[in-house]
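Have a look at input_17.txt; it's compact mmCIF, C-alpha atoms:
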```
# COMPACT_ATOMS: atom_id res chain seq x y z
CA MET A 140 69.99 72.32 -142.03
CA SER A 141 68.88 70.18 -144.99
CA SER A 142 71.04 67.31 -146.19
CA SER A 143 71.50 68.88 -149.63
CA LEU A 144 72.87 72.08 -148.11
CA GLN A 145 75.21 70.36 -145.67
CA MET A 146 76.60 67.96 -148.29
CA ASN A 147 78.28 70.91 -150.03
CA ARG A 148 79.95 72.18 -146.86
CA LYS A 149 82.66 70.73 -144.67
CA VAL A 150 81.63 70.05 -141.07
CA ALA A 151 84.29 70.24 -138.36
CA VAL A 152 83.94 69.79 -134.60
CA ILE A 153 86.80 70.93 -132.34
CA THR A 154 86.93 70.20 -128.63
CA GLY A 155 88.69 72.88 -126.60
CA ALA A 156 88.22 75.37 -129.42
CA ASN A 157 87.80 78.65 -127.56
CA THR A 158 91.49 79.30 -126.91
CA GLY A 159 95.07 78.26 -127.69
CA ILE A 160 95.72 75.63 -130.32
CA GLY A 161 92.02 74.87 -130.75
CA TYR A 162 91.15 78.47 -131.58
CA SER A 163 94.15 78.89 -133.91
CA LEU A 164 93.09 75.72 -135.71
CA ALA A 165 89.55 77.10 -136.04
CA GLU A 166 90.95 80.29 -137.60
CA LYS A 167 92.95 78.29 -140.13
CA LEU A 168 89.94 76.16 -141.08
CA VAL A 169 87.62 79.13 -141.58
CA LYS A 170 90.20 80.88 -143.76
CA ALA A 171 90.84 77.73 -145.82
CA TYR A 172 87.16 76.69 -146.11
CA PRO A 173 85.10 79.93 -146.09
CA THR A 174 81.77 78.03 -146.21
CA ILE A 175 82.68 75.60 -143.43
CA ILE A 176 80.26 74.57 -140.69
CA LEU A 177 82.45 74.76 -137.59
CA CYS A 178 81.31 73.63 -134.17
CA LEU A 179 83.20 74.85 -131.11
CA ALA A 180 82.90 72.13 -128.46
CA CYS A 181 83.80 73.91 -125.23
CA ARG A 182 83.17 73.80 -121.48
CA SER A 183 82.36 77.51 -121.17
CA ASN A 184 79.45 78.94 -123.15
CA GLU A 185 80.62 82.50 -122.52
CA LYS A 186 84.13 81.85 -123.82
CA ALA A 187 82.78 79.87 -126.77
CA LYS A 188 80.52 82.77 -127.78
CA GLU A 189 83.45 85.16 -127.65
CA ALA A 190 85.51 82.82 -129.86
CA ALA A 191 82.61 82.34 -132.27
CA LYS A 192 82.26 86.10 -132.69
CA GLY A 193 85.90 86.43 -133.71
CA LEU A 194 85.70 83.53 -136.14
CA SER A 195 82.51 84.85 -137.76
CA GLU A 196 84.40 87.99 -138.71
CA LEU A 197 86.78 85.91 -140.85
CA SER A 198 84.07 84.69 -143.24
CA SER A 199 80.49 85.85 -143.74
CA GLU A 200 79.65 82.47 -145.30
CA ALA A 201 80.96 80.26 -142.51
CA ARG A 202 78.54 78.91 -139.95
CA ILE A 203 79.93 78.88 -136.42
CA ASP A 204 78.05 76.69 -133.93
CA ILE A 205 78.62 75.93 -130.26
CA VAL A 206 78.09 72.80 -128.20
CA ILE A 207 78.90 72.61 -124.50
CA VAL A 208 80.95 69.59 -123.49
CA ASP A 209 83.21 68.66 -120.61
CA THR A 210 85.16 65.53 -121.50
CA SER A 211 85.77 64.84 -117.80
CA ASN A 212 82.03 64.31 -117.32
CA VAL A 213 80.19 61.30 -118.77
CA ASP A 214 76.77 62.96 -118.81
CA SER A 215 78.18 66.03 -120.55
CA VAL A 216 79.66 63.88 -123.31
CA TYR A 217 76.38 62.01 -123.82
CA THR A 218 74.40 65.25 -124.01
CA ALA A 219 76.84 66.92 -126.40
CA ALA A 220 76.93 63.87 -128.68
CA ALA A 221 73.13 63.79 -128.84
CA THR A 222 73.11 67.46 -129.85
CA LEU A 223 75.73 66.86 -132.54
CA ARG A 224 73.85 63.86 -133.95
CA GLU A 225 70.69 65.93 -134.20
CA ARG A 226 72.42 68.96 -135.66
CA TYR A 227 74.56 67.30 -138.37
CA ASN A 228 74.02 64.35 -140.67
CA HIS A 229 77.75 63.86 -141.21
CA ILE A 230 80.98 65.09 -139.60
CA ASP A 231 84.06 65.46 -141.80
CA TYR A 232 86.59 66.42 -139.13
CA LEU A 233 86.40 65.58 -135.45
CA TYR A 234 89.31 67.28 -133.71
CA LEU A 235 89.97 65.75 -130.28
CA ASN A 236 91.95 68.63 -128.87
CA ALA A 237 90.73 69.42 -125.35
CA GLY A 238 93.13 68.51 -122.59
CA VAL A 239 94.26 69.18 -119.07
CA MET A 240 97.56 69.05 -117.20
CA THR A 241 97.59 69.47 -113.45
CA VAL A 242 100.90 70.72 -112.05
CA ARG A 243 101.82 71.75 -108.51
CA GLY A 244 105.42 72.76 -109.06
CA VAL A 245 108.81 72.30 -110.71
CA ASP A 246 111.43 69.72 -109.82
CA TRP A 247 114.16 72.33 -109.51
CA SER A 248 116.92 69.80 -108.99
CA HIS A 249 115.99 68.13 -112.26
CA PHE A 250 115.67 71.54 -113.98
CA TRP A 251 119.14 72.79 -113.06
CA GLN A 252 120.80 69.45 -113.79
CA GLY A 253 119.13 69.31 -117.20
CA LEU A 254 119.82 72.95 -118.00
CA PHE A 255 123.58 72.38 -117.91
CA SER A 256 123.66 68.95 -119.53
CA LYS A 257 123.22 67.29 -122.92
CA ARG A 258 119.64 66.53 -121.91
CA ILE A 259 118.51 70.16 -122.15
CA PHE A 260 116.81 69.68 -125.53
CA TYR A 261 115.03 66.52 -124.39
CA MET A 262 113.96 68.12 -121.11
CA PHE A 263 112.35 71.14 -122.74
CA THR A 264 110.75 69.27 -125.64
CA THR A 265 109.20 66.48 -123.58
CA GLY A 266 108.98 68.00 -120.09
CA GLU A 267 110.09 64.60 -118.76
CA GLY A 268 110.76 64.83 -115.04
CA LEU A 269 110.58 68.64 -115.08
CA LEU A 270 107.08 69.18 -113.68
CA ILE A 271 105.62 67.75 -110.49
CA GLN A 272 102.13 66.67 -111.46
CA GLU A 273 99.09 65.82 -109.40
CA ASP A 274 95.87 64.06 -110.30
CA GLY A 275 92.59 63.11 -108.70
CA ALA A 276 89.28 61.42 -109.37
CA THR A 277 86.32 62.91 -111.23
CA LYS A 278 82.73 62.53 -110.07
CA ASP A 279 82.54 59.50 -112.40
CA GLY A 280 85.28 57.83 -110.36
CA LEU A 281 87.95 58.00 -113.09
CA MET A 282 91.32 59.73 -112.96
CA HIS A 283 90.86 63.31 -114.08
CA VAL A 284 93.66 63.60 -116.65
CA PHE A 285 92.84 60.21 -118.21
CA GLN A 286 89.12 60.95 -118.49
CA THR A 287 89.58 64.48 -119.85
CA ASN A 288 92.32 63.76 -122.37
CA VAL A 289 91.52 60.20 -123.44
CA PHE A 290 88.35 58.49 -122.29
CA GLY A 291 85.93 61.39 -122.72
CA HIS A 292 87.04 61.75 -126.32
CA TYR A 293 86.82 58.01 -126.91
CA MET A 294 83.24 58.03 -125.65
CA LEU A 295 82.45 60.99 -127.90
CA ILE A 296 83.71 59.07 -130.93
CA LYS A 297 81.61 56.03 -130.04
CA GLU A 298 78.52 58.19 -129.59
CA LEU A 299 79.08 59.84 -132.99
CA GLU A 300 80.05 56.73 -134.94
CA SER A 301 76.78 56.71 -136.89
CA HIS A 302 77.65 60.14 -138.26
CA LEU A 303 81.22 59.35 -139.27
CA GLY A 304 82.50 57.89 -142.54
CA ASN A 305 80.60 56.06 -145.27
CA VAL A 306 78.20 54.23 -143.02
CA SER A 307 74.97 55.23 -144.75
CA GLU A 308 73.51 57.14 -147.64
CA LYS A 309 73.87 60.31 -145.59
CA SER A 310 77.52 60.60 -146.58
CA CYS A 311 79.87 59.68 -149.38
CA SER A 312 83.06 61.08 -147.90
CA PRO A 313 85.48 59.80 -145.25
CA SER A 314 85.75 61.26 -141.78
CA GLN A 315 88.95 62.19 -139.99
CA LEU A 316 89.59 61.82 -136.27
CA ILE A 317 92.50 64.13 -135.49
CA TRP A 318 94.00 63.99 -131.99
CA THR A 319 96.24 66.52 -130.28
CA SER A 320 98.99 64.37 -128.83
CA SER A 321 102.28 65.71 -127.47
CA SER A 322 106.05 65.37 -127.40
CA ALA A 323 105.39 64.39 -123.75
CA SER A 324 103.89 61.15 -125.08
CA GLN A 325 106.46 58.66 -123.81
CA ARG A 326 106.07 54.88 -123.80
CA ASP A 327 107.75 54.63 -120.39
CA ALA A 328 105.05 56.86 -118.85
CA PHE A 329 102.23 54.49 -119.85
CA SER A 330 101.20 51.09 -118.55
CA TYR A 331 98.50 48.88 -120.06
CA GLU A 332 97.92 47.46 -116.57
CA ASP A 333 97.46 50.96 -115.09
CA PHE A 334 96.14 52.90 -118.08
CA GLN A 335 94.40 55.48 -115.87
CA HIS A 336 97.82 56.16 -114.30
CA LYS A 337 96.61 55.85 -110.74
CA ASN A 338 100.06 54.93 -109.45
CA GLY A 339 102.43 56.93 -111.64
CA LYS A 340 103.91 60.42 -111.55
CA ASP A 341 103.27 61.54 -115.13
CA PRO A 342 99.52 61.38 -115.84
CA TYR A 343 99.83 63.84 -118.72
CA GLY A 344 102.55 61.89 -120.55
CA SER A 345 100.63 58.67 -119.92
CA SER A 346 97.42 60.15 -121.34
CA LYS A 347 99.17 61.37 -124.47
CA PHE A 348 100.73 57.98 -125.16
CA ALA A 349 97.29 56.45 -124.56
CA ILE A 350 95.95 58.77 -127.27
CA ASP A 351 98.55 57.42 -129.70
CA VAL A 352 97.51 53.84 -128.86
CA VAL A 353 93.80 54.62 -129.21
CA SER A 354 94.37 56.21 -132.62
CA VAL A 355 96.12 53.11 -133.97
CA GLY A 356 93.38 50.87 -132.58
CA LEU A 357 90.61 52.99 -134.09
CA ASN A 358 92.16 52.73 -137.53
CA ASN A 359 92.11 48.95 -137.30
CA ARG A 360 88.44 49.08 -136.36
CA LEU A 361 87.03 51.89 -138.44
CA ASN A 362 89.03 52.30 -141.65
CA LYS A 363 86.70 49.89 -143.43
CA GLN A 364 83.80 52.26 -142.88
CA GLY A 365 85.69 55.33 -144.01
CA VAL A 366 86.87 56.68 -140.65
CA TYR A 367 90.57 57.49 -140.26
CA SER A 368 92.40 58.50 -137.10
CA HIS A 369 95.69 60.37 -136.83
CA VAL A 370 97.70 62.10 -134.11
CA VAL A 371 99.54 65.40 -134.10
CA CYS A 372 102.28 66.81 -131.91
CA PRO A 373 101.96 70.63 -131.79
CA GLY A 374 105.42 71.12 -130.28
CA LEU A 375 106.15 73.38 -127.32
CA VAL A 376 103.41 75.99 -127.56
CA MET A 377 102.97 78.97 -125.27
CA THR A 378 99.21 79.08 -124.57
CA ASN A 379 97.03 80.09 -121.64
CA MET A 380 97.25 76.51 -120.38
CA THR A 381 101.05 76.58 -120.58
CA TYR A 382 101.30 79.89 -118.77
CA GLY A 383 98.77 78.72 -116.19
CA ILE A 384 100.85 75.71 -115.20
CA LEU A 385 103.58 77.76 -113.54
CA PRO A 386 103.93 81.32 -112.20
CA GLN A 387 104.80 84.21 -114.49
CA TRP A 388 108.29 84.66 -113.03
CA PHE A 389 109.23 81.15 -114.16
CA TRP A 390 108.33 81.92 -117.78
CA THR A 391 110.22 85.19 -117.57
CA LEU A 392 113.25 83.13 -116.54
CA VAL A 393 113.03 80.43 -119.21
CA PHE A 394 111.48 82.28 -122.16
CA PRO A 395 114.84 83.50 -123.54
CA ILE A 396 116.07 79.90 -123.35
CA ILE A 397 113.00 78.66 -125.22
CA TRP A 398 113.49 81.16 -128.04
CA LEU A 399 117.17 80.28 -128.28
CA LEU A 400 116.40 76.59 -128.48
CA ARG A 401 114.19 77.21 -131.51
CA PHE A 402 117.36 77.59 -133.59
CA PHE A 403 118.25 73.99 -132.74
CA VAL A 404 114.93 72.28 -131.98
CA PRO A 405 112.21 72.50 -134.70
CA SER A 406 109.47 71.49 -132.24
CA MET A 407 109.85 74.81 -130.37
CA THR A 408 106.82 76.14 -132.26
CA ASN A 409 106.08 78.72 -129.52
CA SER A 410 102.87 80.19 -130.96
CA ALA A 411 99.48 78.47 -131.00
CA SER A 412 99.17 79.21 -134.71
CA ASN A 413 102.41 77.35 -135.45
CA GLY A 414 101.36 74.51 -133.16
CA ALA A 415 98.08 74.09 -135.06
CA GLU A 416 99.83 73.73 -138.42
CA ALA A 417 99.82 69.92 -138.59
CA LEU A 418 96.22 69.75 -137.33
CA TYR A 419 95.15 72.03 -140.17
CA TRP A 420 97.40 70.29 -142.72
CA LEU A 421 95.66 66.98 -142.14
CA SER A 422 92.34 68.51 -143.21
CA SER A 423 93.67 68.82 -146.76
CA GLN A 424 95.03 65.27 -147.02
CA ASP A 425 93.49 62.07 -148.33
CA PRO A 426 93.28 60.20 -145.02
CA SER A 427 93.20 56.79 -146.69
CA SER A 428 96.72 57.44 -148.04
CA LEU A 429 98.24 58.23 -144.64
CA ASP A 430 100.13 55.80 -142.43
CA PRO A 431 98.15 55.13 -139.21
CA GLN A 432 101.45 54.58 -137.39
CA THR A 433 102.72 58.07 -138.23
CA LYS A 434 102.56 61.06 -135.90
CA TYR A 435 102.45 64.43 -137.65
CA LEU A 436 104.59 67.15 -136.09
CA SER A 437 104.12 70.90 -136.21
CA GLU A 438 107.60 72.38 -136.51
CA VAL A 439 109.27 75.65 -137.46
CA ASN A 440 112.52 76.53 -139.21
CA ILE A 441 115.06 78.94 -137.74
CA LEU A 442 113.07 81.85 -139.18
CA GLY A 443 109.95 80.71 -137.37
CA GLN A 444 108.11 79.54 -140.50
CA PRO A 445 105.87 76.52 -139.81
CA HIS A 446 105.96 73.19 -141.61
CA VAL A 447 104.87 69.60 -141.01
CA SER A 448 107.17 66.62 -140.47
CA LYS A 449 106.53 62.97 -139.64
CA LYS A 450 107.56 60.50 -136.96
CA LYS A 451 106.97 56.74 -136.86
CA MET A 452 105.20 55.52 -133.71
CA ASN A 453 105.56 51.70 -133.97
CA ILE A 454 102.62 50.76 -131.72
CA ASP A 455 101.55 47.11 -131.56
CA PRO A 456 98.08 46.88 -133.25
CA ASP A 457 97.09 43.88 -131.12
CA LYS A 458 97.88 45.76 -127.91
CA ALA A 459 95.98 48.74 -129.28
CA GLU A 460 92.91 46.58 -129.87
CA ASN A 461 93.17 45.09 -126.39
CA PHE A 462 93.34 48.59 -124.97
CA LEU A 463 90.19 49.61 -126.84
CA GLN A 464 88.45 46.56 -125.41
CA GLU A 465 89.40 47.72 -121.91
CA LEU A 466 87.96 51.14 -122.69
CA ASP A 467 84.79 49.49 -123.98
CA LYS A 468 84.44 47.60 -120.71
CA LEU A 469 84.85 50.84 -118.78
CA ASP A 470 82.26 52.47 -121.01
CA GLN A 471 79.77 49.68 -120.32
CA THR A 472 80.39 49.90 -116.59
CA LEU A 473 79.61 53.60 -116.56
CA ARG A 474 76.49 53.13 -118.68
CA HIS A 475 75.14 50.47 -116.31
CA ARG A 476 75.98 52.66 -113.35
```

structure tokens encoding of this file:
Amino acid sequence: MSSSLQMNRKVAVITGANTGIGYSLAEKLVKAYPTIILCLACRSNEKAKEAAKGLSELSSEARIDIVIVDTSNVDSVYTAAATLRERYNHIDYLYLNAGVMTVRGVDWSHFWQGLFSKRIFYMFTTGEGLLIQEDGATKDGLMHVFQTNVFGHYMLIKELESHLGNVSEKSCSPSQLIWTSSSASQRDAFSYEDFQHKNGKDPYGSSKFAIDVVSVGLNNRLNKQGVYSHVVCPGLVMTNMTYGILPQWFWTLVFPIIWLLRFFVPSMTNSASNGAEALYWLSSQDPSSLDPQTKYLSEVNILGQPHVSKKKMNIDPDKAENFLQELDKLDQTLRHR
């Protein structure tokens, strides 16, 4: 595509876009920007093609592309980034949405204690202590959840930096890095000394807090070149990934509770479309006016109507920069390897 044609169209790349929150976000973007160039960055070509077909029906003017990427695989990230650099001269929105959570069961003692206590809201909104998680190493030798949710995306950003922001005459508009974080992002789950979470019991919560830290650090580094990073919490969303974590009978048991809690807990967004609300909302904002220490929350009122609220994160910028330096070292190690 020529530069003159692309300059008049928004370009968005979404990892994990073929289902759940990623697909609902893609639908919202196509409806809001009918001429958008939207790239579905997915692991499965077959599922991506099926998603692209549905999105193409929403706008005859939109261009729906596909790139295959597995953020738990270094080579896959390199290959996908090279394709994206060749395909686009500038990326307006890079949605870092793909993620994984590996669960082998429920801590039933914790569940029943929390169900009949004041902690019920906290338990369901954060999942803290509720799920028994497991993790393992990828073929690159990194912890699977960390590499998929955090490091693979960080590498993708570094590989695409030349095509983000106001770094050349190719572009005159800022770029937004928009991360899917979580209410499971808890400071206590994360350790700067064990950022891959090799020794902990909550790799998912650790990875989501790591995302928040990375976002703050990237703003300190990249704002000057017109690249802005923000994080979103989609709330408790019922997606294929959510249903896949635990057997169907469990969801049959707790689903009435989840719907009841929505009257008291705005983050019980339930649907993927509601969960994608804050991700979409950020696309219409001036990123330079937003607080890098703010997390944007998809929420619903008691009638189920979505809206966006804000939460202060209060992450130490110096620690965030030190963390990015550790990720850079890990990146260099893998490149030399």

Residue contacts of segment 317-321 of chain A (6 Å, all atoms listed in the file) excluding same-chain residues fewer than 5 positions away, as a count of residues only: 9

What does the distance between atom CA of Ala156 of chain A and atom CA of Asp430 of chain A come to in Å, to one decimal place?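 Interatomic distance, atom CA of Ala156 of chain A to atom CA of Asp430 of chain A: 26.3 Å.
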
Could you please determine the separation between atom CA of Arg182 of chain A and atom CA of Val208 of chain A in Å, to one decimal place?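 Spanning atom CA of Arg182 of chain A to atom CA of Val208 of chain A is a straight-line distance of 5.2 Å.
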
So which one's closest to Met282 of chain A, A:Leu375, A:Val169, A:Val239, A:Ile296? Using all atoms listed in the file, please.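 Using all atoms listed in the file, Met282 of chain A sits closest to A:Val239.
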
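Residues in contact with Val447 of chain A at up to 6 Å, not including ones fewer than 4 positions away on its chain and judged by only C-alpha atoms, are Ala417, Leu436, Ser437 and Glu438 of chain A.
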
Residues near Gly365 of chain A, cut-off 8 Å, all atoms listed in the file, skip fewer than 6 positions along chain, as a PDB file with C-alpha atoms, keeping the file's coordinate frame:
```pdb
ATOM      1  CA  LEU A 303      81.220  59.350-139.270  1.00  0.00           C
ATOM      2  CA  GLY A 304      82.500  57.890-142.540  1.00  0.00           C
ATOM      3  CA  ASN A 305      80.600  56.060-145.270  1.00  0.00           C
ATOM      4  CA  VAL A 306      78.200  54.230-143.020  1.00  0.00           C
ATOM      5  CA  SER A 312      83.060  61.080-147.900  1.00  0.00           C
ATOM      6  CA  PRO A 313      85.480  59.800-145.250  1.00  0.00           C
ATOM      7  CA  SER A 314      85.750  61.260-141.780  1.00  0.00           C
TER       8      SER A 314
END
```

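Interatomic distance, atom CA of Ala191 of chain A to atom CA of Ile203 of chain A: 6.0 Å.
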
From A:Ala187, A:Ala221, A:Ile207, A:Leu194, residue lying nearest Ala165 of chain A [all atoms listed in the file]: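 Looking only at the distances to Ala165 of chain A, the closest residue turns out to be A:Leu194.
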
Using the file's own x, y and z axes, so that the box edges lie along x, y and z, what centre and edge lengths in Å (one decimal) does a box around every listed atom of segment 336-341 of chain A get when 3 Å is added on each side? Give it as lines of an AutoDock Vina configuration file.
```
center_x = 100.3
center_y = 58.2
center_z = -112.3
size_x = 13.3
size_y = 12.6
size_z = 11.7
```

Residues near segment 457-474 of chain A, anyone? I mean within 10 Å using all atoms listed in the file, not counting same-chain ones fewer than 3 positions away, as a list in words.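 What passes the distance filter is Val213, Asp214, Asp279, Gly280, Leu281, Val289, Phe290, Gly291, Tyr293, Met294, Lys297, Tyr331, Glu332, Phe334, Ala349, Asp351, Val352, Val353, Ser354, Val355, Gly356, Leu357, Asn358, Asn359, Arg360 and Ile454 of chain A.
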
Using all atoms listed in the file, the best pick from A:Ser301, A:Ser345, A:Asn212, A:Ser322 as closest to Val366 of chain A would be A:Ser301

I need the residue nearest Ile205 of chain A from this list: A:Gly155, A:Pro173, A:Pro445, A:Gly339. Use all atoms listed in the file for the distance.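 With all atoms listed in the file as the atom set, the closest residue is A:Gly155.
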
Polymer residues at most 7 Å from Ser211 of chain A, only C-alpha atoms, same-chain spacing of 5 or more positions, as number ranges by chain: A: 277, 283, 286-287, 291

Kindly reconstruct segment 234-244 of chain A with all heavy atoms and present the result as a PDB file, keeping the file's coordinate frame.
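Generated output (part.pdb):
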```
ATOM      1  N   TYR A 234      88.024  66.957-134.331  1.00  0.00           N
ATOM      2  CA  TYR A 234      89.310  67.280-133.710  1.00  0.00           C
ATOM      3  C   TYR A 234      89.199  67.063-132.201  1.00  0.00           C
ATOM      4  O   TYR A 234      88.421  67.728-131.515  1.00  0.00           O
ATOM      5  CB  TYR A 234      89.694  68.729-133.989  1.00  0.00           C
ATOM      6  CG  TYR A 234      90.224  68.963-135.384  1.00  0.00           C
ATOM      7  CD1 TYR A 234      89.393  69.409-136.398  1.00  0.00           C
ATOM      8  CD2 TYR A 234      91.569  68.746-135.679  1.00  0.00           C
ATOM      9  CE1 TYR A 234      89.887  69.641-137.685  1.00  0.00           C
ATOM     10  CE2 TYR A 234      92.078  68.966-136.944  1.00  0.00           C
ATOM     11  CZ  TYR A 234      91.238  69.416-137.944  1.00  0.00           C
ATOM     12  OH  TYR A 234      91.730  69.635-139.213  1.00  0.00           O
ATOM     13  N   LEU A 235      89.993  66.137-131.686  1.00  0.00           N
ATOM     14  CA  LEU A 235      89.970  65.750-130.280  1.00  0.00           C
ATOM     15  C   LEU A 235      91.134  66.460-129.594  1.00  0.00           C
ATOM     16  O   LEU A 235      92.219  65.910-129.405  1.00  0.00           O
ATOM     17  CB  LEU A 235      90.069  64.227-130.186  1.00  0.00           C
ATOM     18  CG  LEU A 235      88.993  63.560-131.075  1.00  0.00           C
ATOM     19  CD1 LEU A 235      89.441  62.212-131.580  1.00  0.00           C
ATOM     20  CD2 LEU A 235      87.668  63.491-130.364  1.00  0.00           C
ATOM     21  N   ASN A 236      90.890  67.708-129.252  1.00  0.00           N
ATOM     22  CA  ASN A 236      91.950  68.630-128.870  1.00  0.00           C
ATOM     23  C   ASN A 236      91.950  69.020-127.392  1.00  0.00           C
ATOM     24  O   ASN A 236      92.990  69.366-126.835  1.00  0.00           O
ATOM     25  CB  ASN A 236      91.839  69.890-129.736  1.00  0.00           C
ATOM     26  CG  ASN A 236      92.734  71.013-129.259  1.00  0.00           C
ATOM     27  OD1 ASN A 236      93.958  70.960-129.415  1.00  0.00           O
ATOM     28  ND2 ASN A 236      92.130  72.040-128.667  1.00  0.00           N
ATOM     29  N   ALA A 237      90.807  68.973-126.738  1.00  0.00           N
ATOM     30  CA  ALA A 237      90.730  69.420-125.350  1.00  0.00           C
ATOM     31  C   ALA A 237      91.650  68.593-124.459  1.00  0.00           C
ATOM     32  O   ALA A 237      91.813  67.384-124.669  1.00  0.00           O
ATOM     33  CB  ALA A 237      89.287  69.330-124.841  1.00  0.00           C
ATOM     34  N   GLY A 238      92.237  69.241-123.479  1.00  0.00           N
ATOM     35  CA  GLY A 238      93.130  68.510-122.590  1.00  0.00           C
ATOM     36  C   GLY A 238      93.409  69.279-121.323  1.00  0.00           C
ATOM     37  O   GLY A 238      93.141  70.483-121.228  1.00  0.00           O
ATOM     38  N   VAL A 239      93.951  68.570-120.347  1.00  0.00           N
ATOM     39  CA  VAL A 239      94.260  69.180-119.070  1.00  0.00           C
ATOM     40  C   VAL A 239      95.586  68.625-118.555  1.00  0.00           C
ATOM     41  O   VAL A 239      95.929  67.472-118.821  1.00  0.00           O
ATOM     42  CB  VAL A 239      93.131  68.926-118.038  1.00  0.00           C
ATOM     43  CG1 VAL A 239      93.020  67.440-117.720  1.00  0.00           C
ATOM     44  CG2 VAL A 239      93.350  69.716-116.756  1.00  0.00           C
ATOM     45  N   MET A 240      96.323  69.470-117.861  1.00  0.00           N
ATOM     46  CA  MET A 240      97.560  69.050-117.200  1.00  0.00           C
ATOM     47  C   MET A 240      97.589  69.723-115.841  1.00  0.00           C
ATOM     48  O   MET A 240      97.519  70.947-115.746  1.00  0.00           O
ATOM     49  CB  MET A 240      98.786  69.462-118.024  1.00  0.00           C
ATOM     50  CG  MET A 240     100.113  69.005-117.435  1.00  0.00           C
ATOM     51  SD  MET A 240     101.495  69.545-118.477  1.00  0.00           S
ATOM     52  CE  MET A 240     102.856  68.650-117.743  1.00  0.00           C
ATOM     53  N   THR A 241      97.634  68.925-114.815  1.00  0.00           N
ATOM     54  CA  THR A 241      97.590  69.470-113.450  1.00  0.00           C
ATOM     55  C   THR A 241      98.985  69.420-112.846  1.00  0.00           C
ATOM     56  O   THR A 241      99.561  68.352-112.670  1.00  0.00           O
ATOM     57  CB  THR A 241      96.607  68.662-112.583  1.00  0.00           C
ATOM     58  OG1 THR A 241      96.922  67.276-112.667  1.00  0.00           O
ATOM     59  CG2 THR A 241      95.178  68.863-113.061  1.00  0.00           C
ATOM     60  N   VAL A 242      99.516  70.600-112.531  1.00  0.00           N
ATOM     61  CA  VAL A 242     100.900  70.720-112.050  1.00  0.00           C
ATOM     62  C   VAL A 242     100.906  71.492-110.736  1.00  0.00           C
ATOM     63  O   VAL A 242     100.198  72.490-110.582  1.00  0.00           O
ATOM     64  CB  VAL A 242     101.767  71.448-113.093  1.00  0.00           C
ATOM     65  CG1 VAL A 242     103.161  71.714-112.539  1.00  0.00           C
ATOM     66  CG2 VAL A 242     101.849  70.628-114.367  1.00  0.00           C
ATOM     67  N   ARG A 243     101.709  71.032-109.787  1.00  0.00           N
ATOM     68  CA  ARG A 243     101.820  71.750-108.510  1.00  0.00           C
ATOM     69  C   ARG A 243     103.221  72.310-108.272  1.00  0.00           C
ATOM     70  O   ARG A 243     103.483  72.889-107.214  1.00  0.00           O
ATOM     71  CB  ARG A 243     101.417  70.849-107.344  1.00  0.00           C
ATOM     72  CG  ARG A 243     102.247  69.596-107.153  1.00  0.00           C
ATOM     73  CD  ARG A 243     101.732  68.795-105.965  1.00  0.00           C
ATOM     74  NE  ARG A 243     102.434  67.533-105.792  1.00  0.00           N
ATOM     75  CZ  ARG A 243     103.567  67.383-105.121  1.00  0.00           C
ATOM     76  NH1 ARG A 243     104.139  68.439-104.577  1.00  0.00           N
ATOM     77  NH2 ARG A 243     104.130  66.193-104.999  1.00  0.00           N
ATOM     78  N   GLY A 244     104.103  72.160-109.248  1.00  0.00           N
ATOM     79  CA  GLY A 244     105.420  72.760-109.060  1.00  0.00           C
ATOM     80  C   GLY A 244     106.453  72.231-110.036  1.00  0.00           C
ATOM     81  O   GLY A 244     106.144  71.449-110.940  1.00  0.00           O
TER      82      GLY A 244
END
```
